[in-house]
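K.L.:
Structure: data_0.txt, compact mmCIF, C-alpha atoms.
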```
# COMPACT_ATOMS: atom_id res chain seq x y z
CA MET A 1 81.40 58.95 87.51
CA LYS A 2 83.08 58.91 90.89
CA GLN A 3 80.96 58.92 94.02
CA LYS A 4 81.09 62.43 95.48
CA VAL A 5 81.72 62.86 99.19
CA ALA A 6 80.86 65.68 101.57
CA LEU A 7 83.64 65.15 104.10
CA VAL A 8 83.55 66.30 107.72
CA LEU A 9 86.80 66.32 109.69
CA GLY A 10 86.66 66.67 113.46
CA SER A 11 88.99 68.12 116.07
CA GLY A 12 91.55 66.15 118.03
CA GLY A 13 95.02 67.66 117.95
CA ALA A 14 97.65 65.20 116.68
CA ARG A 15 94.94 62.57 116.40
CA GLY A 16 93.65 64.64 113.50
CA THR A 17 96.71 63.55 111.53
CA ALA A 18 94.61 60.46 110.82
CA HIS A 19 92.47 62.67 108.57
CA ILE A 20 95.30 62.53 106.03
CA GLY A 21 95.06 58.75 105.95
CA VAL A 22 91.29 58.94 105.57
CA ILE A 23 91.59 61.24 102.56
CA ARG A 24 94.28 59.07 100.99
CA GLU A 25 92.15 55.93 101.28
CA LEU A 26 89.01 57.63 99.98
CA GLU A 27 90.91 58.78 96.91
CA LYS A 28 92.52 55.38 96.46
CA GLN A 29 89.11 53.73 96.40
CA GLY A 30 87.79 56.13 93.78
CA TYR A 31 85.78 58.61 95.83
CA GLU A 32 85.75 62.30 94.92
CA ILE A 33 85.80 64.75 97.82
CA SER A 34 83.55 67.56 96.63
CA SER A 35 83.27 69.55 99.87
CA ILE A 36 84.87 69.71 103.30
CA SER A 37 84.01 71.17 106.67
CA GLY A 38 86.43 70.99 109.55
CA THR A 39 87.11 72.02 113.10
CA SER A 40 90.54 72.57 114.63
CA MET A 41 92.94 69.96 113.19
CA GLY A 42 90.16 68.96 110.84
CA ALA A 43 90.03 72.53 109.55
CA LEU A 44 93.80 72.49 109.05
CA VAL A 45 93.98 69.18 107.15
CA GLY A 46 90.81 70.00 105.20
CA GLY A 47 92.09 73.43 104.25
CA VAL A 48 95.46 72.09 103.14
CA TYR A 49 93.74 69.46 101.02
CA ALA A 50 91.31 71.95 99.48
CA ALA A 51 94.30 74.12 98.56
CA GLY A 52 95.95 71.18 96.79
CA LYS A 53 98.93 71.05 99.16
CA LEU A 54 98.34 67.85 101.10
CA ASP A 55 101.42 66.11 99.65
CA GLU A 56 103.76 68.86 100.84
CA TYR A 57 102.08 69.07 104.23
CA GLU A 58 102.19 65.31 104.81
CA SER A 59 105.85 65.12 103.81
CA TRP A 60 106.79 67.92 106.22
CA LEU A 61 104.68 66.57 109.07
CA CYS A 62 106.09 63.04 108.77
CA SER A 63 109.64 64.41 108.94
CA LEU A 64 109.14 65.93 112.39
CA SER A 65 110.78 64.41 115.46
CA LYS A 66 110.03 65.11 119.10
CA VAL A 67 112.82 67.67 119.20
CA ASP A 68 111.58 69.32 116.00
CA MET A 69 108.13 69.68 117.54
CA PHE A 70 109.56 71.20 120.70
CA ASN A 71 111.58 73.73 118.69
CA LEU A 72 108.40 74.80 116.90
CA VAL A 73 106.63 75.58 120.17
CA ASP A 74 106.78 79.29 120.99
CA PHE A 75 105.87 79.68 124.64
CA THR A 76 104.28 82.84 125.91
CA LEU A 77 102.62 81.88 129.24
CA SER A 78 100.10 84.67 128.85
CA THR A 79 96.70 84.68 130.50
CA LYS A 80 95.11 83.71 127.15
CA GLY A 81 97.30 80.70 126.32
CA ILE A 82 100.79 79.30 126.66
CA ILE A 83 101.67 78.76 122.98
CA LYS A 84 101.47 81.38 120.23
CA ALA A 85 101.78 78.80 117.40
CA ASP A 86 103.43 81.42 115.18
CA LYS A 87 106.49 79.27 114.47
CA VAL A 88 104.61 76.22 113.25
CA LEU A 89 102.20 78.32 111.19
CA LYS A 90 105.12 80.14 109.54
CA GLU A 91 106.52 76.75 108.57
CA ILE A 92 103.18 75.72 107.12
CA GLN A 93 102.93 78.99 105.21
CA LYS A 94 106.14 78.13 103.37
CA PHE A 95 104.29 75.57 101.28
CA ILE A 96 100.72 76.83 101.68
CA PRO A 97 100.54 80.38 100.33
CA ASP A 98 97.48 82.13 101.72
CA GLN A 99 94.44 82.47 99.50
CA ASN A 100 90.75 83.20 99.80
CA ILE A 101 88.50 80.32 100.81
CA GLN A 102 85.99 81.22 98.10
CA ASP A 103 88.69 80.69 95.46
CA LEU A 104 89.50 77.13 96.50
CA PRO A 105 88.63 74.38 93.97
CA ILE A 106 86.73 72.50 96.70
CA LYS A 107 83.92 73.93 98.84
CA TYR A 108 85.41 74.47 102.29
CA ALA A 109 84.15 75.63 105.67
CA ALA A 110 86.16 76.15 108.86
CA VAL A 111 84.33 76.25 112.17
CA VAL A 112 85.53 78.61 114.90
CA THR A 113 84.12 79.88 118.17
CA ASP A 114 83.61 83.60 118.73
CA MET A 115 84.08 84.07 122.46
CA SER A 116 83.10 87.74 122.28
CA GLN A 117 79.70 86.95 120.80
CA LYS A 118 79.42 83.54 122.52
CA LYS A 119 78.56 81.78 119.27
CA GLU A 120 79.77 79.42 116.58
CA VAL A 121 81.05 81.00 113.36
CA VAL A 122 81.39 79.20 110.03
CA LEU A 123 84.05 80.70 107.77
CA THR A 124 83.40 80.12 104.07
CA GLU A 125 85.19 83.14 102.64
CA GLY A 126 88.17 85.31 103.39
CA SER A 127 91.71 84.26 104.31
CA LEU A 128 92.26 80.50 104.45
CA PHE A 129 95.26 80.95 106.72
CA GLU A 130 93.38 83.13 109.19
CA ALA A 131 90.47 80.67 109.27
CA ILE A 132 92.82 77.78 110.06
CA ARG A 133 94.70 79.79 112.68
CA ALA A 134 91.48 80.70 114.45
CA SER A 135 90.06 77.17 114.37
CA ILE A 136 93.15 75.58 115.97
CA SER A 137 93.27 77.97 118.93
CA ILE A 138 92.86 75.40 121.70
CA PRO A 139 91.63 77.26 124.81
CA PHE A 140 94.32 77.74 127.49
CA VAL A 141 96.97 76.26 125.18
CA ILE A 142 97.19 78.17 121.87
CA THR A 143 96.53 81.90 122.06
CA PRO A 144 93.25 83.05 120.48
CA VAL A 145 92.89 85.25 117.41
CA LEU A 146 91.65 88.80 117.87
CA LYS A 147 90.05 90.23 114.72
CA ASN A 148 87.98 93.39 114.69
CA ASP A 149 85.83 93.03 117.82
CA SER A 150 85.86 89.22 117.87
CA LEU A 151 88.01 86.82 119.87
CA PHE A 152 88.22 83.51 118.01
CA VAL A 153 89.14 80.18 119.59
CA ASP A 154 88.98 76.51 118.61
CA GLY A 155 85.73 75.61 116.85
CA GLY A 156 85.61 72.40 118.87
CA VAL A 157 84.37 74.36 121.87
CA LEU A 158 80.90 74.37 120.29
CA ASN A 159 81.09 72.03 117.30
CA PRO A 160 83.95 69.47 117.28
CA LEU A 161 82.42 67.45 114.40
CA PRO A 162 80.61 69.90 112.08
CA VAL A 163 78.39 67.51 110.11
CA ASN A 164 75.80 70.28 109.93
CA ARG A 165 78.21 72.77 108.34
CA VAL A 166 79.36 71.00 105.18
CA PHE A 167 78.15 71.97 101.70
CA ARG A 168 75.92 69.29 100.18
CA GLN A 169 75.02 68.58 96.59
CA GLU A 170 72.72 66.12 94.92
CA GLY A 171 74.04 62.57 94.81
CA ASP A 172 76.86 62.97 97.33
CA ILE A 173 77.29 60.95 100.51
CA LEU A 174 78.09 62.41 103.90
CA ILE A 175 81.17 60.97 105.61
CA ALA A 176 82.21 62.17 109.06
CA VAL A 177 85.54 61.39 110.72
CA ASN A 178 85.68 61.33 114.50
CA VAL A 179 89.27 60.97 115.73
CA ILE A 180 88.41 61.24 119.43
CA ALA A 181 86.07 58.26 119.59
CA GLN A 182 85.72 56.65 123.01
CA ILE A 183 86.47 53.17 121.66
CA PRO A 184 89.22 50.67 122.51
CA PHE A 185 92.57 50.76 120.77
CA GLN A 186 94.58 47.58 121.02
CA GLN A 187 97.65 48.28 118.95
CA SER A 188 100.31 50.70 120.14
CA THR A 189 101.76 52.99 117.49
CA ASP A 190 105.24 52.33 118.90
CA ASN A 191 106.94 50.73 121.88
CA ASP A 192 107.29 53.99 123.75
CA PRO A 193 104.11 54.83 125.71
CA ASP A 194 105.29 58.42 125.96
CA TRP A 195 101.92 59.96 126.71
CA GLY A 196 103.31 62.99 128.50
CA TYR A 197 106.40 63.88 126.53
CA PHE A 198 105.31 67.52 126.23
CA GLU A 199 105.27 67.75 130.01
CA LYS A 200 108.84 66.42 130.10
CA LEU A 201 110.09 68.82 127.44
CA THR A 202 108.38 71.82 129.00
CA ARG A 203 109.16 71.03 132.62
CA GLY A 204 111.53 73.97 132.99
CA LYS A 205 108.93 76.45 131.79
CA LEU A 206 105.85 74.99 133.43
CA ASN A 207 107.31 73.35 136.52
CA GLY A 208 105.90 75.79 139.06
CA PHE A 209 102.51 75.89 137.41
CA GLN A 210 102.27 72.11 137.19
CA LYS A 211 103.14 71.70 140.87
CA LYS A 212 100.22 73.93 141.82
CA LEU A 213 97.97 72.09 139.38
CA SER A 214 98.93 68.68 140.75
CA LYS A 215 97.91 69.73 144.27
CA LEU A 216 94.41 70.40 142.98
CA VAL A 217 94.03 67.11 141.13
CA THR A 218 93.96 63.62 142.61
CA VAL A 219 96.53 61.42 140.88
CA HIS A 220 95.36 57.85 140.36
CA LYS A 221 97.65 54.84 139.98
CA LYS A 222 101.10 55.90 138.76
CA GLU A 223 99.96 58.45 136.20
CA SER A 224 101.17 62.01 136.54
CA THR A 225 98.72 64.79 135.82
CA GLY A 226 100.54 67.34 133.71
CA TYR A 227 99.08 70.52 132.30
CA PHE A 228 98.70 69.21 128.75
CA ASN A 229 97.54 65.80 129.88
CA LEU A 230 94.81 67.26 132.07
CA ILE A 231 93.53 69.53 129.30
CA SER A 232 93.53 66.61 126.86
CA GLU A 233 91.58 64.31 129.17
CA THR A 234 88.96 66.80 130.31
CA THR A 235 88.33 68.43 126.93
CA GLY A 236 88.35 65.00 125.28
CA LEU A 237 85.36 63.91 127.34
CA MET A 238 83.54 67.16 126.63
CA LEU A 239 84.17 67.02 122.87
CA SER A 240 83.11 63.37 122.68
CA GLN A 241 79.78 64.15 124.30
CA ILE A 242 79.14 67.16 122.04
CA SER A 243 80.04 65.07 118.97
CA LYS A 244 77.67 62.33 120.04
CA LEU A 245 74.76 64.75 120.33
CA THR A 246 75.60 66.38 116.98
CA LEU A 247 75.71 63.01 115.23
CA GLU A 248 72.34 62.03 116.68
CA LYS A 249 70.78 65.12 115.13
CA ASN A 250 72.71 64.89 111.86
CA PRO A 251 73.57 61.23 111.18
CA PRO A 252 76.09 60.80 108.32
CA ASP A 253 75.95 58.07 105.69
CA LEU A 254 79.25 56.81 107.09
CA LEU A 255 80.93 57.54 110.40
CA ILE A 256 84.63 56.72 110.52
CA GLU A 257 85.72 56.37 114.13
CA ILE A 258 89.32 56.38 115.29
CA SER A 259 90.11 55.75 118.93
CA ARG A 260 91.32 58.74 120.89
CA ASN A 261 93.88 56.35 122.41
CA ALA A 262 95.68 55.97 119.07
CA CYS A 263 97.95 58.78 120.27
CA SER A 264 97.84 61.81 122.53
CA VAL A 265 96.72 65.26 121.49
CA PHE A 266 100.32 66.53 121.11
CA ASP A 267 101.98 63.47 119.53
CA PHE A 268 102.58 65.05 116.12
CA TYR A 269 105.88 63.20 115.85
CA LYS A 270 103.81 60.01 115.38
CA ALA A 271 102.30 61.33 112.15
CA THR A 272 103.40 58.42 109.96
CA GLU A 273 101.83 55.82 112.26
CA VAL A 274 98.63 57.78 112.81
CA ILE A 275 98.15 58.35 109.07
CA GLU A 276 98.37 54.59 108.54
CA ILE A 277 95.75 54.09 111.24
CA GLY A 278 93.50 56.50 109.36
CA LYS A 279 93.95 54.50 106.15
CA LYS A 280 93.28 51.18 107.84
CA VAL A 281 90.14 52.28 109.68
CA THR A 282 88.79 53.95 106.54
CA MET A 283 89.32 50.79 104.50
CA GLU A 284 87.41 48.76 107.09
CA SER A 285 84.63 51.35 107.32
CA LEU A 286 84.15 51.49 103.55
CA ASP A 287 83.96 47.69 103.42
CA LYS A 288 81.17 47.78 105.99
CA LEU A 289 79.36 50.51 104.03
CA ARG A 290 79.45 48.49 100.82
CA LYS A 291 78.15 45.40 102.59
CA LYS A 292 75.33 47.45 104.10
CA GLN A 293 74.44 48.93 100.70
CA ALA A 294 74.43 45.47 99.12
CA VAL A 295 71.80 44.14 101.52
```
Kindly return the structure encoded in the file as structure tokens.
P.N.:
Amino acid sequence: MKQKVALVLGSGGARGTAHIGVIRELEKQGYEISSISGTSMGALVGGVYAAGKLDEYESWLCSLSKVDMFNLVDFTLSTKGIIKADKVLKEIQKFIPDQNIQDLPIKYAAVVTDMSQKKEVVLTEGSLFEAIRASISIPFVITPVLKNDSLFVDGGVLNPLPVNRVFRQEGDILIAVNVIAQIPFQQSTDNDPDWGYFEKLTRGKLNGFQKKLSKLVTVHKKESTGYFNLISETTGLMLSQISKLTLEKNPPDLLIEISRNACSVFDFYKATEVIEIGKKVTMESLDKLRKKQAV
């Protein structure tokens, strides 16, 4: 019998593309993913996998270029966020027909934050699409989801690595994937260190706002502090600290850590490279686990 895995996929924007590589390597090495919990990008990848549509999603994601990504961004510049995300979600819906979470062949939980009630919410039933949409609502970037009397935003606000929200069963092992780990990353995914390409593409729409923002923030060295870059850096530190505390209380059997410097939060056009990073790190982590178990 295959070793069953309760898999936890954390938040991280485009870095969460590495979750695909993690899943691929786990399957390649004979593990059976029996349950998944996810936050933000982890909820998206986990939900797609639980629905049996990871092949289609990976193929579409790896075909995207920088220009494709820009064309999928629907700006709104409202007080609740600057991207509606309707375009990209409509594309995803083309190959992921909506269904109820409770009908999925794999136990699945998406973590969201209810800003109205000031609490974490774990979605284990109802619309898969709505759960994913709510969990990826990055504050100040992607507009939140209003349902009934609740205002849902990214689950990472309160629980970026939901190791305490995954369904467990006898004999499984708990594997958590942290794609925003504060660890070194030596290898560049390409020769173009284009950390702020979203700022360049959106300059016409956000120019005035970014000028005001830059006056409030001290710029060190030669780095420019764009809107997206600032959000990524500040929230990254916050999420890393929350994840660390969560892991201390709920230590997994295996923690797979991928450096947050593998790409930036909006570098979805680097999907192919980031997926390979996920595979490589998972292979190394599983080797360490087997050596530890053999002692």
K.L.:
When distances are computed from only C-alpha atoms, which of A:Asp149, A:Asp253, A:Glu25, A:Glu120 shows the smallest separation from Val281 (chain A)?
P.N.:
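Using only C-alpha atoms, Val281 (chain A) sits closest to A:Glu25.
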K.L.:
So the first atom is CA of Val163 (chain A) and the second is CA of Pro144 (chain A); what is the distance between them in Å, to one decimal place?
P.N.:
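Taking CA of Val163 (chain A) as the start and CA of Pro144 (chain A) as the end point, the length is 23.9 Å.
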K.L.:
Taking all atoms listed in the file into account, name the residue in A:Ser240, A:Gln3, A:Ser264, A:Ser34 that is nearest to Leu161 (chain A).
P.N.:
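So, comparing all the options, the nearest one is A:Ser240.
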K.L.:
Could you pull the residues within 7 Å of region 41-49 of chain A, counting all atoms listed in the file, minus those fewer than 3 positions along the same chain, as a PyMOL selection string?
P.N.:
chain A and resi 9-13+16+19-20+36-38+52-54+110+132+135-136
K.L.:
List the neighbours of Gln102 (chain A) out to 9 Å using only C-alpha atoms; skip same-chain residues closer than 3 positions along the sequence, and give me the result as a PyMOL selection string.
P.N.:
chain A and resi 99+105-108+124-128
K.L.:
Please produce a file of those selected residues containing C-alpha atoms, as a CSV table (one decimal), keeping the file's coordinate frame.
P.N.:
```
chain,number,residue,atom,x,y,z
A,99,GLN,CA,94.4,82.5,99.5
A,105,PRO,CA,88.6,74.4,94.0
A,106,ILE,CA,86.7,72.5,96.7
A,107,LYS,CA,83.9,73.9,98.8
A,108,TYR,CA,85.4,74.5,102.3
A,124,THR,CA,83.4,80.1,104.1
A,125,GLU,CA,85.2,83.1,102.6
A,126,GLY,CA,88.2,85.3,103.4
A,127,SER,CA,91.7,84.3,104.3
A,128,LEU,CA,92.3,80.5,104.4
```
K.L.:
Between CA of Trp60 (chain A) and CA of Ala262 (chain A), measure the distance and give it in Å to one decimal.
P.N.:
20.8 Å
K.L.:
Would you compute the distance between CA of Pro184 (chain A) and CA of Gln241 (chain A)? Give it in Å to one decimal.
P.N.:
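About the pair CA of Pro184 (chain A) and CA of Gln241 (chain A): they are 16.6 Å apart.
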K.L.:
May I ask which of the residues A:Lys280, A:Lys249, A:Lys118, A:Phe266 is the closest one to Ile138 (chain A), counting only C-alpha atoms?
P.N.:
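Among the listed residues, A:Phe266 lies closest to Ile138 (chain A).
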K.L.:
Can you work out which one of A:Ile242, A:Val67, A:Val22, A:Met1 has the shortest atom-to-atom distance to Asp267 (chain A), counting all atoms listed in the file?
P.N.:
A:Val67
K.L.:
Name the residues in contact with Arg168 (chain A) at a cut-off of 9 Å, using all atoms listed in the file, excluding same-chain residues fewer than 5 positions from it; report them as a PDB file with C-alpha atoms, in the frame of the given file.
P.N.:
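What follows is the written file selection_8.pdb:
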```pdb
ATOM      1  CA  VAL A   5      81.720  62.860  99.190  1.00  0.00           C
ATOM      2  CA  ALA A   6      80.860  65.680 101.570  1.00  0.00           C
ATOM      3  CA  SER A  34      83.550  67.560  96.630  1.00  0.00           C
ATOM      4  CA  SER A  35      83.270  69.550  99.870  1.00  0.00           C
ATOM      5  CA  ILE A 173      77.290  60.950 100.510  1.00  0.00           C
ATOM      6  CA  LEU A 174      78.090  62.410 103.900  1.00  0.00           C
TER       7      LEU A 174
END
```
K.L.:
Which is closest to Ala271 (chain A) among A:Leu64, A:Leu247, A:Leu7, A:Leu89, if we use all atoms listed in the file?
P.N.:
A:Leu64
K.L.:
Between A:Leu286, A:Ala51, A:Ala14, A:Gln293, single out the one closest to Leu104 (chain A), counting only C-alpha atoms.
P.N.:
A:Ala51
K.L.:
Please identify all polymer residues within 8 Å of Val274 (chain A), counting only C-alpha atoms, omitting same-chain residues fewer than 5 positions from it, and present them as a list in words.
P.N.:
Arg15, Thr17, Ala18, Gly21, Thr189, Ala262 and Cys263 of chain A
K.L.:
Might I get the box with edges along x, y and z of the file that holds all atoms of region 19-28 of chain A listed there, padded by 4 Å on every side, given as centre and edge lengths in Å to one decimal, as lines of an AutoDock Vina configuration file?
P.N.:
```
center_x = 92.2
center_y = 59.0
center_z = 102.5
size_x = 14.3
size_y = 15.3
size_z = 20.1
```
